[in-house]
Amino acid sequence: MSPEATWLLPDGLEDPRYVRAPDPSLSAYADQFLDEVQSIPTYRPTIGCVIPAYNEGETIAGVLDSLLQQTRLPDAIHVIINNTSDDSVEVASHYAGPHTRQTATGEQSTVIYVHDIGKNPDKKVGALNYGYSLVETMDYLLGVDGDTTPEPDAVEHLINEIASDDRIGGISAVYSIDDSALKGPIEKFLIAGQRAQFSAFNMQNMLKGRNMAVLGGQFSIFSTQALRDVLRDSHQRTPWVNDSEVEDSLLSLQIKSAGYLTKISARARAHVGGMNTLRSLDAQQVKWNFGAIDLMWPGQRGDTKGQPFHPNLRLRWFEHLSMVINMTTRLMFFILLMGALTINAFVFRAWWIVPPVAAVWLNFRVAHSMQFRNRKDYLFVLLVFPAELYMMVRMGHFVRAWLKFFSRQQTDNWAAQAKAERGKGTAWLYPFLALAVFLAGIGVAWTQIPIETTSNILAVGWPILGIITILQTVWMIMKSMRRYRGFKA
């Protein structure tokens with residue numbers, strides 16, 4: 001065999017003594033190929049934003065301005081104006097049309113559409129479903145209330161989180177309430193209480209693996225595939241139904257039942273509209289509580305089926321149980337204290353200071369965990385009286401919601417809330433009147449009881465209250481010792 005012959009090796013390999021020289025044209029093509037690969041645009045998920053607006057003439061401009069300042073613009077923004085009697089249409093119409101802005105990732109564009117659907121018997125639910133019909137072919141639906149203003153990077157964080165995991169059906173932003181433009185002491189007190197309430201709820205969900213029981217309609221993003229699965233599994237034509245007082249809670253349950261996760265964002269934040277009067281706060285909270293009870297309570301009521309063991313409702317059960325315990329300890333303490341004073345049998349115990357201190361410390365930690373905390377949040381907690389008074393207001397909402405549920409009243413709680421926000425209605429006074437009548441009745445009955453019976457009641461009542469209070473205090477101390485793992489409410 002001549003030396004120029006090719007030596008064949010196993011697997012068809014050539015003898016290394018005769019290696020072919022590289023083809024320069026292949027090297028040039030490799031560079032061209034890599035350039036072409038890099039020039040291929042990456043897939044950008046599409047987002048359709050839906051804003052149901054009812055009499056939002058004062059706030060809709062701020063909402064649209066905040067959306068147009070996002071680092072990640074939605075691909076389309078649909079303002080669904082319904083049942084309105086103010087200038088919402090006129091204000092929103094100034095924003096209609098295409099918008100383009102330069103961001104850190106390049107030029108982005110969106111289009112704002114304004115739809116006035118007139119009289120809509122299904123109110124917000126009807127507006128949401130109308131919006132869904134406009135964006136159902138997109139990858140994600142971003143629901144925004146007509147008085148919610150997100151932080152500039154909120155949409156970017158939401159889309160990055162939901163697009164990173166196909167198991168997620170929806171993600172809610174972390175909600176807070178802007179308290180920068182409040183007028184009187186009542187408004188400041190109510191908004192401070194709502195900020196504390198929101199923060200405690202947010203942190204509780206964050207510490208449970210960021211699992212969110214309720215994807216609030218204020219600022220949440222949904223996978224349209226998850227919504228289509230809900231329609232299929234629930235035999236519905238639309239994602240939101242009008243036979244629930246809390247349409248967002250019911251949809252969250254259905255998304256979870258369809259096999260998806262419901263989450264709260266770790267970073268996306270939005271400022272929602274608060275209730276500035278006792279009347280409007282009462283209507284909102286009673287509607288929320290009534291709707292939650294309707295979902296929690298077993299049995300079939302019309303088209304609503306109670307789901308007491310649904311995993312998304314465990315936190316609701318815990319909240320209602322906690323409220324019952326709070327009501328029990330406060331009423332028992334007040335009644336026993338007044339009873340002891342009437343017979344000169346009151347003896348102060350130093351350890352009674354421990355439960356209030358534990359409550360203040362727990363509330364302080366919640367206030368300190370707020371991303372946008374300020375001096376008013378700390379004062380609300382440290383002065384004790386405002387936080388305690390707000391708890392009593394919430395107890396009134398709680399009792400009224402349960403009484404409405406068991407009385408089976410056929411009332412439109414959406415209409416009641418709208419009426420309250422217009423400054424009408426007296427239902428918010430009922431809990432205070434009922435408490436006054438109850439305490440007066442207790443006082444009269446107490447004066448008719450023989451002193452021996454009174455002493456026996458006190459001898460039994462104080463130890464029972466002591467046991468309940470000790471257990472409650474231990475629970476508060478345990479909650480206050482939890483690590484927040486860097487989360488901000």
# chains A, B, ... in the order shown; residues from 1 in each chain; ligands from 1
>>> select_by_dssp(residues="region 249-332 of chain A", states="alpha helix (DSSP H)", output="PyMOL selection string")
chain A and resi 249-257+278-296+314-332
>>> write_last_selection(atoms="N, CA and C atoms", output="compact mmCIF listing (two decimals), in the first residue's frame")
# COMPACT_ATOMS: atom_id res chain seq x y z
N SER A 249 -63.38 35.85 43.88
CA SER A 249 -63.12 34.68 44.74
C SER A 249 -63.59 33.39 44.07
N LEU A 250 -64.77 33.43 43.46
CA LEU A 250 -65.30 32.23 42.81
C LEU A 250 -64.42 31.83 41.64
N LEU A 251 -64.00 32.79 40.82
CA LEU A 251 -63.13 32.47 39.69
C LEU A 251 -61.80 31.90 40.18
N SER A 252 -61.28 32.43 41.28
CA SER A 252 -60.02 31.91 41.84
C SER A 252 -60.18 30.46 42.25
N LEU A 253 -61.32 30.12 42.86
CA LEU A 253 -61.60 28.74 43.24
C LEU A 253 -61.66 27.85 42.01
N GLN A 254 -62.31 28.34 40.96
CA GLN A 254 -62.45 27.55 39.75
C GLN A 254 -61.10 27.34 39.05
N ILE A 255 -60.26 28.34 39.05
CA ILE A 255 -58.92 28.20 38.45
C ILE A 255 -58.12 27.15 39.22
N LYS A 256 -58.22 27.20 40.55
CA LYS A 256 -57.52 26.22 41.39
C LYS A 256 -58.07 24.81 41.13
N SER A 257 -59.39 24.70 41.01
CA SER A 257 -60.01 23.39 40.76
C SER A 257 -59.65 22.84 39.39
N LEU A 278 -67.46 55.56 56.73
CA LEU A 278 -67.94 54.37 57.42
C LEU A 278 -69.04 53.68 56.62
N ARG A 279 -69.85 54.48 55.95
CA ARG A 279 -70.96 53.94 55.16
C ARG A 279 -70.44 53.08 54.01
N SER A 280 -69.49 53.60 53.23
CA SER A 280 -68.98 52.87 52.08
C SER A 280 -68.13 51.68 52.51
N LEU A 281 -67.37 51.83 53.60
CA LEU A 281 -66.57 50.70 54.09
C LEU A 281 -67.47 49.56 54.54
N ASP A 282 -68.56 49.90 55.22
CA ASP A 282 -69.50 48.88 55.67
C ASP A 282 -70.07 48.11 54.49
N ALA A 283 -70.49 48.82 53.45
CA ALA A 283 -71.09 48.16 52.29
C ALA A 283 -70.09 47.24 51.60
N GLN A 284 -68.85 47.70 51.46
CA GLN A 284 -67.83 46.89 50.81
C GLN A 284 -67.51 45.63 51.61
N GLN A 285 -67.29 45.81 52.91
CA GLN A 285 -66.87 44.69 53.75
C GLN A 285 -68.00 43.68 53.94
N VAL A 286 -69.23 44.16 54.05
CA VAL A 286 -70.37 43.24 54.17
C VAL A 286 -70.52 42.42 52.89
N LYS A 287 -70.34 43.06 51.74
CA LYS A 287 -70.43 42.34 50.47
C LYS A 287 -69.34 41.27 50.38
N TRP A 288 -68.11 41.64 50.75
CA TRP A 288 -67.01 40.68 50.72
C TRP A 288 -67.26 39.51 51.66
N ASN A 289 -67.65 39.82 52.90
CA ASN A 289 -67.89 38.77 53.88
C ASN A 289 -69.06 37.88 53.49
N PHE A 290 -70.14 38.51 53.00
CA PHE A 290 -71.32 37.74 52.60
C PHE A 290 -70.96 36.79 51.46
N GLY A 291 -70.22 37.28 50.48
CA GLY A 291 -69.83 36.42 49.36
C GLY A 291 -68.93 35.28 49.80
N ALA A 292 -68.02 35.57 50.73
CA ALA A 292 -67.14 34.52 51.23
C ALA A 292 -67.93 33.45 51.98
N ILE A 293 -68.88 33.88 52.81
CA ILE A 293 -69.72 32.93 53.54
C ILE A 293 -70.50 32.07 52.57
N ASP A 294 -71.01 32.67 51.50
CA ASP A 294 -71.78 31.94 50.51
C ASP A 294 -70.95 30.83 49.87
N LEU A 295 -69.66 31.09 49.68
CA LEU A 295 -68.77 30.07 49.11
C LEU A 295 -68.35 29.03 50.15
N MET A 296 -68.25 29.46 51.40
CA MET A 296 -67.75 28.58 52.46
C MET A 296 -68.82 27.62 52.97
N ARG A 314 -59.49 27.85 53.07
CA ARG A 314 -58.98 27.58 54.42
C ARG A 314 -58.64 28.87 55.16
N LEU A 315 -58.01 29.80 54.45
CA LEU A 315 -57.66 31.07 55.07
C LEU A 315 -58.91 31.84 55.46
N ARG A 316 -59.97 31.75 54.65
CA ARG A 316 -61.22 32.42 55.00
C ARG A 316 -61.82 31.86 56.29
N TRP A 317 -61.82 30.53 56.41
CA TRP A 317 -62.32 29.93 57.65
C TRP A 317 -61.51 30.41 58.85
N PHE A 318 -60.20 30.47 58.68
CA PHE A 318 -59.35 30.92 59.78
C PHE A 318 -59.65 32.37 60.14
N GLU A 319 -59.85 33.22 59.14
CA GLU A 319 -60.16 34.63 59.40
C GLU A 319 -61.47 34.76 60.19
N HIS A 320 -62.47 33.99 59.80
CA HIS A 320 -63.78 34.09 60.47
C HIS A 320 -63.70 33.53 61.88
N LEU A 321 -62.94 32.44 62.06
CA LEU A 321 -62.77 31.90 63.41
C LEU A 321 -62.03 32.89 64.29
N SER A 322 -61.01 33.54 63.75
CA SER A 322 -60.26 34.54 64.52
C SER A 322 -61.16 35.69 64.93
N MET A 323 -62.07 36.09 64.02
CA MET A 323 -62.98 37.19 64.35
C MET A 323 -63.93 36.79 65.47
N VAL A 324 -64.40 35.55 65.45
CA VAL A 324 -65.27 35.08 66.53
C VAL A 324 -64.55 35.12 67.87
N ILE A 325 -63.29 34.68 67.89
CA ILE A 325 -62.51 34.68 69.13
C ILE A 325 -62.28 36.11 69.61
N ASN A 326 -61.96 37.00 68.68
CA ASN A 326 -61.74 38.40 69.06
C ASN A 326 -63.00 39.02 69.65
N MET A 327 -64.14 38.73 69.06
CA MET A 327 -65.40 39.25 69.57
C MET A 327 -65.70 38.68 70.96
N THR A 328 -65.45 37.39 71.12
CA THR A 328 -65.75 36.73 72.39
C THR A 328 -64.92 37.31 73.53
N THR A 329 -63.62 37.45 73.32
CA THR A 329 -62.74 37.95 74.39
C THR A 329 -63.08 39.39 74.75
N ARG A 330 -63.37 40.22 73.77
CA ARG A 330 -63.65 41.63 74.07
C ARG A 330 -64.98 41.80 74.79
N LEU A 331 -66.01 41.09 74.32
CA LEU A 331 -67.31 41.20 74.98
C LEU A 331 -67.26 40.63 76.40
N MET A 332 -66.63 39.48 76.55
CA MET A 332 -66.52 38.88 77.88
C MET A 332 -65.77 39.79 78.84
>>> atom_distance(atom1="CA of Asp145 (chain A)", atom2="CA of Ile51 (chain A)")
5.7 Å
>>> residues_around(residues="Leu190 (chain A)", least_positions_apart="5", cutoff="9 Å", atoms="only C-alpha atoms", output="mmCIF file with N, CA and C atoms, in the first residue's frame")
data_model
loop_
_atom_site.group_PDB
_atom_site.id
_atom_site.type_symbol
_atom_site.label_atom_id
_atom_site.label_comp_id
_atom_site.auth_asym_id
_atom_site.auth_seq_id
_atom_site.Cartn_x
_atom_site.Cartn_y
_atom_site.Cartn_z
ATOM 1 N N PRO A 185 -59.930 63.550 59.844
ATOM 2 C CA PRO A 185 -59.489 62.471 60.730
ATOM 3 C C PRO A 185 -60.185 61.143 60.474
ATOM 4 N N ARG A 195 -55.215 49.899 55.234
ATOM 5 C CA ARG A 195 -53.823 49.597 54.873
ATOM 6 C C ARG A 195 -53.275 48.467 55.752
ATOM 7 N N GLY A 274 -59.419 53.218 48.314
ATOM 8 C CA GLY A 274 -59.931 52.850 49.628
ATOM 9 C C GLY A 274 -61.313 53.424 49.870
ATOM 10 N N MET A 275 -61.955 52.968 50.932
ATOM 11 C CA MET A 275 -63.267 53.478 51.328
ATOM 12 C C MET A 275 -63.065 54.591 52.360
ATOM 13 N N ASN A 276 -63.552 55.789 52.044
ATOM 14 C CA ASN A 276 -63.268 56.958 52.872
ATOM 15 C C ASN A 276 -64.342 57.284 53.899
ATOM 16 N N THR A 277 -65.436 56.528 53.899
ATOM 17 C CA THR A 277 -66.507 56.772 54.872
ATOM 18 C C THR A 277 -66.901 55.460 55.532
ATOM 19 N N LEU A 278 -67.462 55.561 56.728
ATOM 20 C CA LEU A 278 -67.939 54.365 57.425
ATOM 21 C C LEU A 278 -69.039 53.680 56.622
ATOM 22 N N LEU A 281 -67.369 51.825 53.599
ATOM 23 C CA LEU A 281 -66.569 50.703 54.093
ATOM 24 C C LEU A 281 -67.471 49.561 54.545
ATOM 25 N N TYR A 390 -60.887 50.189 64.999
ATOM 26 C CA TYR A 390 -61.097 49.639 63.660
ATOM 27 C C TYR A 390 -61.492 48.166 63.740
#
>>> atom_distance(atom1="CA of Ser244 (chain A)", atom2="CA of Asp122 (chain A)")
11.1 Å
>>> residues_around(residues="region 355-362 of chain A", least_positions_apart="4", cutoff="7 Å", atoms="only C-alpha atoms", output="short mmCIF file (atom, residue, chain, number, x, y, z; two decimals) with C-alpha atoms, in the first residue's frame")
data_model
loop_
_atom_site.label_atom_id
_atom_site.label_comp_id
_atom_site.auth_asym_id
_atom_site.auth_seq_id
_atom_site.Cartn_x
_atom_site.Cartn_y
_atom_site.Cartn_z
CA VAL A 366 -47.18 44.09 60.09
CA VAL A 381 -50.65 50.69 65.81
CA LEU A 382 -48.77 52.29 68.69
CA VAL A 384 -53.63 51.22 70.40
CA THR A 473 -51.84 35.49 73.27
CA MET A 476 -50.15 36.12 68.57
CA ILE A 477 -46.63 35.68 69.97
CA SER A 480 -45.08 37.80 65.66
#
>>> closest_atom_pairs(of="region 148-220 of chain A", to="region 64-70 of chain A", cutoff="12 Å", atoms="only C-alpha atoms", output="tab-separated table")
residue	atom	partner	partner_atom	distance
A:Thr148	CA	A:Ser66	CA	9.0
A:Thr149	CA	A:Ser66	CA	5.9
A:Pro150	CA	A:Ser66	CA	6.3
A:Glu151	CA	A:Ser66	CA	7.4
A:Pro152	CA	A:Gln70	CA	4.5
A:Asp153	CA	A:Gln70	CA	5.8
A:Ala154	CA	A:Gln70	CA	7.3
A:Val155	CA	A:Gln70	CA	6.8
A:Glu156	CA	A:Gln70	CA	7.6
A:His157	CA	A:Gln70	CA	10.5
A:Leu158	CA	A:Gln70	CA	11.7
A:Phe219	CA	A:Leu67	CA	11.2
>>> select_by_dssp(residues="region 104-343 of chain A", states="strand (DSSP E or B)", output="PyMOL selection string")
chain A and resi 106-116+140-144+149-150+168-177+211+219-223+261-272+300-301+304-305
>>> residues_around(residues="region 107-113 of chain A", least_positions_apart="2", cutoff="8 Å", atoms="only C-alpha atoms", output="MDAnalysis selection string")
chainID A and resid 72:79 95:103 105 115
>>> closest_atom_pairs(of="region 157-207 of chain A", to="region 223-243 of chain A", cutoff="8 Å", atoms="only C-alpha atoms", output="tab-separated table")
residue	atom	partner	partner_atom	distance
A:Ile162	CA	A:Ser223	CA	7.9
A:Ile168	CA	A:Ser223	CA	7.7
A:Gly169	CA	A:Ser223	CA	5.3
A:Gly170	CA	A:Ser223	CA	6.1
>>> residues_around(residues="region 197-208 of chain A", least_positions_apart="6", cutoff="9 Å", atoms="only C-alpha atoms", output="ChimeraX atom specification")
/A:174-177,263-266,315,363,366-367,369-370,483-485,487-489
>>> write_last_selection(atoms="C-alpha atoms", output="PDB file, in the first residue's frame")
ATOM      1  CA  VAL A 174     -49.478  43.213  46.162  1.00  0.00           C
ATOM      2  CA  TYR A 175     -52.121  45.784  47.073  1.00  0.00           C
ATOM      3  CA  SER A 176     -51.790  48.907  49.136  1.00  0.00           C
ATOM      4  CA  ILE A 177     -53.860  52.078  49.503  1.00  0.00           C
ATOM      5  CA  LYS A 263     -50.350  33.236  43.335  1.00  0.00           C
ATOM      6  CA  ILE A 264     -49.556  36.624  44.817  1.00  0.00           C
ATOM      7  CA  SER A 265     -46.646  38.425  43.201  1.00  0.00           C
ATOM      8  CA  ALA A 266     -43.385  38.868  45.043  1.00  0.00           C
ATOM      9  CA  LEU A 315     -57.660  31.068  55.072  1.00  0.00           C
ATOM     10  CA  ASN A 363     -49.484  44.845  64.503  1.00  0.00           C
ATOM     11  CA  VAL A 366     -47.182  44.092  60.090  1.00  0.00           C
ATOM     12  CA  ALA A 367     -46.890  47.888  59.773  1.00  0.00           C
ATOM     13  CA  SER A 369     -43.402  45.091  56.745  1.00  0.00           C
ATOM     14  CA  MET A 370     -45.226  47.562  54.473  1.00  0.00           C
ATOM     15  CA  ARG A 483     -39.584  35.393  59.806  1.00  0.00           C
ATOM     16  CA  TYR A 484     -40.875  37.406  56.856  1.00  0.00           C
ATOM     17  CA  ARG A 485     -38.068  36.101  54.638  1.00  0.00           C
ATOM     18  CA  PHE A 487     -41.150  39.869  51.811  1.00  0.00           C
ATOM     19  CA  LYS A 488     -42.718  43.329  51.886  1.00  0.00           C
ATOM     20  CA  ALA A 489     -46.481  43.676  52.216  1.00  0.00           C
TER      21      ALA A 489
END
>>> residues_around(residues="region 127-131 of chain A", least_positions_apart="3", cutoff="6 Å", atoms="only C-alpha atoms", output="list in words")
Val50, Pro52, Ile80, Lys124 and Leu134 of chain A
>>> write_last_selection(atoms="N, CA and C atoms", output="JSON list (two decimals), in the first residue's frame")
[["chain", "number", "residue", "atom", "x", "y", "z"],
["A", 50, "VAL", "N", -58.05, 44.77, 30.55],
["A", 50, "VAL", "CA", -59.48, 45.07, 30.63],
["A", 50, "VAL", "C", -59.73, 45.90, 31.88],
["A", 52, "PRO", "N", -62.86, 47.52, 33.77],
["A", 52, "PRO", "CA", -64.28, 47.83, 33.95],
["A", 52, "PRO", "C", -64.40, 49.16, 34.71],
["A", 80, "ILE", "N", -63.89, 49.45, 29.61],
["A", 80, "ILE", "CA", -65.29, 49.03, 29.44],
["A", 80, "ILE", "C", -66.14, 49.85, 30.40],
["A", 124, "LYS", "N", -70.23, 45.02, 37.03],
["A", 124, "LYS", "CA", -68.81, 44.77, 36.81],
["A", 124, "LYS", "C", -68.58, 43.42, 36.14],
["A", 134, "LEU", "N", -63.01, 40.36, 24.04],
["A", 134, "LEU", "CA", -62.15, 41.15, 23.17],
["A", 134, "LEU", "C", -60.69, 40.69, 23.21]]
